[in-house]
Amino acid sequence: MIKTTFVGKNYSGWGCLSVLAEEVQRLGAKKALLITDPFLRRNGMADNIAARLKDIGVDSVIYDEVAAEPPLALAQSLVDFTRAQAADLVIGLGGGSALDLAKLAAVFAEQEGEVREYLNLSGSKSLSTRGLPKIMIPTTSGTGSEITNISVLSLESTKDVIAHDFLLADVAIVDPELTVSVPPRVTAATGIDALTHAVESYVSIHANPVTEALSLQAIRLISRSLRTAVQNGEDRQAREDMSYGSYLAGIAFFNAGVAGVHALAYPLGGQFHIAHGESNAVLLPYVMGYIASACEKRLKDIYEAMGFSAAYLSQSEAAQACIARLEELVKDVGIPNSLQAFDIPESALPSLVADGCKQTRLLARSPMPLQEADIAKIYRAAWEGKTF
C-alpha cells in the first residue's frame with residue numbers, strides 16, 4: 001500500500017492568485033495575519049494582498065520581519081505576536097522562511113508552550129491542535145514549503161525542524177507570475193534547492209512509483225529551464241516550468257524524504273549562515289558522487305530526465321555523467337562549487353561533521369548508510385572542490 005499526502009486544496013498556474021478572495025471567504029475569515037519579508041513589503045506585493053482582503057471586508061495585519069534561515073528566537077517572537085492578534089486566518093507570502101514561519105504561527109496561535117519544546121532533535125512535546133486555518137503563497141520556486149508539514153529553524157550551529165501534519169496548509173496557491181521579480185541569485189539558489197528535492201526524493205529508500213513520477217517530471221522541468229530563469233527572469237515559460245517543477249518536487253520529497261545533501265547542508269546554514277539553496281547546491285555533486293555506487297540505476301534515470309541519452313553508456317558511466325551534469329548546472333547558474341569559495345575555513349570541518357551526524361532523521365533515508373567517516377570524506381571533498 002502506498003500512502004501519499006497532499007495539502008487540502010492546491011492551485012497552480014499563471015494568475016491563480018485570483019482564487020485568494022474566494023478561499024478566504026470559504027474559510028470564513030474576518031481578520032488575517034499576513035506573514036512576509038521586508039522585500040515583499042517594499043515592492044508592494046504584501047500590500048496588494050492586504051488590498052484584496054480589504055475588498056472582501058477582511059481586515060489584515062502585516063508582519064514583515066521574516067529573515068532568511070529564521071532562528072528559533074524569531075519563531076518564538078512571531079508566535080507571541082500572533083497570539084496577541086486575535087486573527088482567525090494566517091497567510092504566508094514569500095519564500096521558504098516566510099512560509100515555514102507562517103505555518104508555525106498558525107499552529108502555535110492555539111498551542112500551549114514554546115516553540116523549542118517541539119523541536120525534532122531536542123524537544124519533548126508533540127503538537128495537539130491544528131490551530132488557525134492557513135493559506136500559503138510561495139513567491140520563489142524552490143522550497144516546497146507550501147505543501148509540506150515541516151518548518152525549519154536555525155539553531156546556534158545547525159538546524160532543526162518541527163514536523164507534523166498540523167503544519168499542512170489548508171490552501172496552497174502556486175502562481176508563477178509572483179516569481180518574476182525574484183533576483184537571479186535567489187532564482188538560482190531556490191531552483192537548485194528544488195532540483196535537490198527531486199533528486200534526493202528519487203534516490204530515497206522511501207521512494208515509490210508515485211513519488212518517482214513526480215521527481216522525474218520535476219527534474220525534467222527544472223533542468224531545462226533553470227538557466228533561462230536565472231538569465232531572464234521575465235521568461236514566462238521558464239518561470240512556469242520552475243514553478244511547476246518546484247511544486248512537484250515538493251510533493252515528492254514530502255512523501256519520500258530527502259537525505260544526505262540536506263543533512264550536510266543544515267550545518268552550513270547553522271554555522272555560516274549560507275542560504276539553504278546554496279548550501280544544497282554546493283554539496284549536491286559531492287554527496288551524490290559519494291553514494292553513486294548505491295543508486296547507479298536511479299542516477300542513470302536522472303541523467304536521462306535531464307535530457308541526455310544514455311544509450312551508449314553503461315549504468316556506471318551514466319551515473320558518473322549525471323554527477324558531472326549536476327555539477328555543471330550548479331556552476332552555470334553562478335553558485336560556487338567548493339566550501340572554500342564560501343570562505344569556510346578548513347578548521348571548521350570537524351564541527352560540520354559533528355553537526356551533520358546529528359541529522360539522523362535525514363540520513364536514515366540515504367540509499368547508502370552515511371557514518372561519521374563518510375560524512376567527513378564528503379565535507380573534505382567539498383572543501384577541496386574535488387568530486388568523487
# chains A, B, ... in the order shown; residues from 1 in each chain; ligands from 1
$ closest_atom_pairs --of "range 190-284 of chain A" --to "range 327-337 of chain A" --cutoff "12 Å" --atoms "only C-alpha atoms" --output "JSON lines"
{"residue": "A:Thr190", "atom": "CA", "partner": "A:Val333", "partner_atom": "CA", "distance": 11.0}
{"residue": "A:Gly191", "atom": "CA", "partner": "A:Val333", "partner_atom": "CA", "distance": 9.4}
{"residue": "A:Ile192", "atom": "CA", "partner": "A:Val330", "partner_atom": "CA", "distance": 7.2}
{"residue": "A:Asp193", "atom": "CA", "partner": "A:Val330", "partner_atom": "CA", "distance": 10.5}
{"residue": "A:Leu195", "atom": "CA", "partner": "A:Val330", "partner_atom": "CA", "distance": 10.3}
{"residue": "A:Thr196", "atom": "CA", "partner": "A:Val330", "partner_atom": "CA", "distance": 10.8}
{"residue": "A:Ile222", "atom": "CA", "partner": "A:Leu329", "partner_atom": "CA", "distance": 10.5}
{"residue": "A:Ser223", "atom": "CA", "partner": "A:Leu329", "partner_atom": "CA", "distance": 7.9}
{"residue": "A:Arg224", "atom": "CA", "partner": "A:Leu329", "partner_atom": "CA", "distance": 10.2}
{"residue": "A:Ser225", "atom": "CA", "partner": "A:Leu329", "partner_atom": "CA", "distance": 10.9}
{"residue": "A:Leu226", "atom": "CA", "partner": "A:Val333", "partner_atom": "CA", "distance": 7.8}
{"residue": "A:Arg227", "atom": "CA", "partner": "A:Val333", "partner_atom": "CA", "distance": 6.1}
{"residue": "A:Thr228", "atom": "CA", "partner": "A:Val333", "partner_atom": "CA", "distance": 9.3}
{"residue": "A:Ala229", "atom": "CA", "partner": "A:Val333", "partner_atom": "CA", "distance": 9.5}
{"residue": "A:Val230", "atom": "CA", "partner": "A:Val333", "partner_atom": "CA", "distance": 6.7}
{"residue": "A:Gln231", "atom": "CA", "partner": "A:Val333", "partner_atom": "CA", "distance": 8.3}
{"residue": "A:Asn232", "atom": "CA", "partner": "A:Val333", "partner_atom": "CA", "distance": 11.7}
{"residue": "A:Ile274", "atom": "CA", "partner": "A:Ile335", "partner_atom": "CA", "distance": 11.6}
{"residue": "A:Ala275", "atom": "CA", "partner": "A:Ile335", "partner_atom": "CA", "distance": 11.1}
{"residue": "A:Gly277", "atom": "CA", "partner": "A:Ile335", "partner_atom": "CA", "distance": 9.7}
{"residue": "A:Glu278", "atom": "CA", "partner": "A:Ile335", "partner_atom": "CA", "distance": 6.8}
{"residue": "A:Ser279", "atom": "CA", "partner": "A:Ile335", "partner_atom": "CA", "distance": 9.6}
{"residue": "A:Asn280", "atom": "CA", "partner": "A:Val330", "partner_atom": "CA", "distance": 10.0}
{"residue": "A:Ala281", "atom": "CA", "partner": "A:Val330", "partner_atom": "CA", "distance": 6.3}
{"residue": "A:Val282", "atom": "CA", "partner": "A:Asn337", "partner_atom": "CA", "distance": 5.2}
{"residue": "A:Leu283", "atom": "CA", "partner": "A:Asn337", "partner_atom": "CA", "distance": 8.0}
{"residue": "A:Leu284", "atom": "CA", "partner": "A:Glu327", "partner_atom": "CA", "distance": 7.7}
$ select_by_dssp --residues "range 73-192 of chain A" --states "helix (DSSP H, G or I)" --output "number ranges by chain"
A: 73-83, 96-108, 115-118, 145-147, 165-167, 176-179, 184-192
$ closest_atom_pairs --of "range 94-195 of chain A" --to "range 343-352 of chain A" --cutoff "12 Å" --atoms "only C-alpha atoms" --output "Markdown table"
| residue | atom | partner | partner_atom | distance |
| --- | --- | --- | --- | --- |
| A:Ser157 | CA | A:Leu352 | CA | 8.7 |
| A:Thr158 | CA | A:Leu352 | CA | 8.7 |
| A:Lys159 | CA | A:Leu352 | CA | 11.8 |
$ write_last_selection --atoms "N, CA, C and O atoms" --output "compact mmCIF listing (two decimals), in the first residue's frame"
# COMPACT_ATOMS: atom_id res chain seq x y z
N SER A 157 24.34 26.30 15.87
CA SER A 157 25.34 25.80 14.93
C SER A 157 24.76 24.88 13.87
O SER A 157 25.49 24.42 13.00
N THR A 158 23.47 24.61 13.92
CA THR A 158 22.86 23.73 12.92
C THR A 158 21.40 24.12 12.76
O THR A 158 21.00 25.25 13.07
N LYS A 159 20.60 23.22 12.26
CA LYS A 159 19.18 23.48 12.09
C LYS A 159 18.38 22.32 12.68
O LYS A 159 18.87 21.20 12.81
$ residues_around --residues "Leu89 in chain A" --least-positions-apart "4" --cutoff "12 Å" --atoms "only C-alpha atoms" --output "PyMOL selection string"
chain A and resi 23-35+53+58-61+82-83+85+102-103+105-107+109-110+131-136+169-171
$ write_last_selection --atoms "N, CA, C and O atoms" --output "compact mmCIF listing (two decimals), in the first residue's frame"
# COMPACT_ATOMS: atom_id res chain seq x y z
N GLU A 23 -11.14 31.76 -1.54
CA GLU A 23 -10.70 30.84 -0.49
C GLU A 23 -10.77 31.47 0.89
O GLU A 23 -11.12 30.82 1.88
N VAL A 24 -10.44 32.75 0.99
CA VAL A 24 -10.54 33.44 2.28
C VAL A 24 -11.99 33.48 2.75
O VAL A 24 -12.29 33.24 3.92
N GLN A 25 -12.90 33.74 1.82
CA GLN A 25 -14.32 33.76 2.18
C GLN A 25 -14.80 32.37 2.55
O GLN A 25 -15.60 32.21 3.49
N ARG A 26 -14.34 31.34 1.85
CA ARG A 26 -14.74 29.97 2.17
C ARG A 26 -14.32 29.59 3.59
O ARG A 26 -15.04 28.87 4.29
N LEU A 27 -13.16 30.09 4.01
CA LEU A 27 -12.66 29.79 5.34
C LEU A 27 -13.30 30.65 6.42
O LEU A 27 -13.04 30.47 7.61
N GLY A 28 -14.13 31.60 6.00
CA GLY A 28 -14.89 32.40 6.95
C GLY A 28 -14.07 33.39 7.75
O GLY A 28 -14.44 33.76 8.86
N ALA A 29 -12.97 33.85 7.18
CA ALA A 29 -12.06 34.74 7.91
C ALA A 29 -12.62 36.15 8.05
O ALA A 29 -13.28 36.68 7.14
N LYS A 30 -12.32 36.78 9.17
CA LYS A 30 -12.67 38.17 9.43
C LYS A 30 -11.41 39.03 9.60
O LYS A 30 -11.41 40.21 9.32
N LYS A 31 -10.34 38.40 10.11
CA LYS A 31 -9.09 39.12 10.31
C LYS A 31 -7.92 38.18 9.99
O LYS A 31 -7.80 37.10 10.58
N ALA A 32 -7.08 38.60 9.08
CA ALA A 32 -5.96 37.76 8.65
C ALA A 32 -4.64 38.34 9.11
O ALA A 32 -4.45 39.56 9.13
N LEU A 33 -3.73 37.45 9.49
CA LEU A 33 -2.35 37.83 9.77
C LEU A 33 -1.53 37.43 8.54
O LEU A 33 -1.47 36.24 8.20
N LEU A 34 -0.95 38.41 7.87
CA LEU A 34 -0.16 38.18 6.67
C LEU A 34 1.32 38.22 7.05
O LEU A 34 1.83 39.26 7.49
N ILE A 35 2.00 37.10 6.89
CA ILE A 35 3.40 36.97 7.27
C ILE A 35 4.26 36.97 6.01
O ILE A 35 4.07 36.14 5.12
N LEU A 53 -7.80 41.60 0.38
CA LEU A 53 -8.58 41.19 1.55
C LEU A 53 -9.56 42.29 1.95
O LEU A 53 -10.72 42.02 2.29
N VAL A 58 -12.26 41.88 4.77
CA VAL A 58 -11.42 41.17 5.73
C VAL A 58 -10.28 42.09 6.16
O VAL A 58 -9.51 42.58 5.33
N ASP A 59 -10.18 42.34 7.45
CA ASP A 59 -9.07 43.14 7.98
C ASP A 59 -7.78 42.32 7.94
O ASP A 59 -7.82 41.07 7.93
N SER A 60 -6.65 43.00 7.96
CA SER A 60 -5.39 42.27 7.95
C SER A 60 -4.33 43.02 8.74
O SER A 60 -4.35 44.25 8.85
N VAL A 61 -3.42 42.26 9.30
CA VAL A 61 -2.23 42.78 9.96
C VAL A 61 -1.03 42.18 9.23
O VAL A 61 -0.99 40.97 9.00
N THR A 82 1.58 36.62 17.20
CA THR A 82 0.36 36.03 16.66
C THR A 82 -0.69 35.82 17.74
O THR A 82 -1.88 36.11 17.54
N ARG A 83 -0.26 35.33 18.87
CA ARG A 83 -1.19 35.07 19.97
C ARG A 83 -1.88 36.35 20.45
O ARG A 83 -2.97 36.30 21.03
N GLN A 85 -2.88 38.82 18.44
CA GLN A 85 -3.59 39.49 17.35
C GLN A 85 -5.08 39.16 17.23
O GLN A 85 -5.82 39.89 16.60
N ALA A 102 5.03 31.09 8.88
CA ALA A 102 3.58 31.25 8.85
C ALA A 102 2.88 29.98 9.32
O ALA A 102 1.88 30.03 10.05
N LYS A 103 3.39 28.83 8.91
CA LYS A 103 2.80 27.57 9.35
C LYS A 103 2.92 27.41 10.86
O LYS A 103 1.96 27.01 11.54
N ALA A 105 3.25 29.87 13.07
CA ALA A 105 2.41 30.87 13.71
C ALA A 105 0.96 30.41 13.78
O ALA A 105 0.29 30.58 14.81
N ALA A 106 0.47 29.83 12.70
CA ALA A 106 -0.92 29.37 12.66
C ALA A 106 -1.17 28.28 13.70
O ALA A 106 -2.19 28.31 14.40
N VAL A 107 -0.28 27.32 13.79
CA VAL A 107 -0.46 26.22 14.73
C VAL A 107 -0.27 26.68 16.17
O VAL A 107 -1.08 26.39 17.06
N ALA A 109 -0.61 29.54 17.47
CA ALA A 109 -1.58 30.52 17.96
C ALA A 109 -2.50 29.89 19.00
O ALA A 109 -2.97 30.57 19.92
N GLU A 110 -2.75 28.59 18.86
CA GLU A 110 -3.64 27.90 19.78
C GLU A 110 -2.96 26.70 20.44
O GLU A 110 -3.63 25.77 20.90
N GLY A 131 -4.66 24.53 15.14
CA GLY A 131 -4.52 25.98 15.17
C GLY A 131 -5.39 26.67 14.14
O GLY A 131 -6.48 26.17 13.78
N LEU A 132 -4.94 27.80 13.64
CA LEU A 132 -5.72 28.62 12.71
C LEU A 132 -5.61 28.08 11.28
O LEU A 132 -4.59 27.48 10.91
N PRO A 133 -6.64 28.33 10.46
CA PRO A 133 -6.52 28.00 9.03
C PRO A 133 -5.35 28.77 8.42
O PRO A 133 -5.01 29.87 8.87
N LYS A 134 -4.74 28.21 7.38
CA LYS A 134 -3.57 28.85 6.79
C LYS A 134 -3.54 28.68 5.28
O LYS A 134 -3.85 27.61 4.75
N ILE A 135 -3.18 29.76 4.63
CA ILE A 135 -3.03 29.80 3.17
C ILE A 135 -1.58 30.13 2.87
O ILE A 135 -1.05 31.11 3.38
N MET A 136 -0.93 29.31 2.05
CA MET A 136 0.47 29.54 1.71
C MET A 136 0.59 29.97 0.25
O MET A 136 0.06 29.31 -0.65
N ALA A 169 -0.74 23.22 5.05
CA ALA A 169 -1.61 24.34 4.70
C ALA A 169 -3.01 23.85 4.36
O ALA A 169 -3.19 22.73 3.87
N ASP A 170 -3.99 24.69 4.61
CA ASP A 170 -5.34 24.39 4.15
C ASP A 170 -5.46 24.67 2.66
O ASP A 170 -6.20 23.99 1.95
N VAL A 171 -4.73 25.69 2.19
CA VAL A 171 -4.75 26.07 0.78
C VAL A 171 -3.33 26.45 0.36
O VAL A 171 -2.64 27.17 1.08
$ atom_distance --atom1 "CA of Ala341 in chain A" --atom2 "CA of Ser366 in chain A"
26.7 Å
$ residues_around --residues "Leu155 in chain A" --least-positions-apart "2" --cutoff "9 Å" --atoms "only C-alpha atoms" --output "ChimeraX atom specification"
/A:70-73,153,157-160,270-271
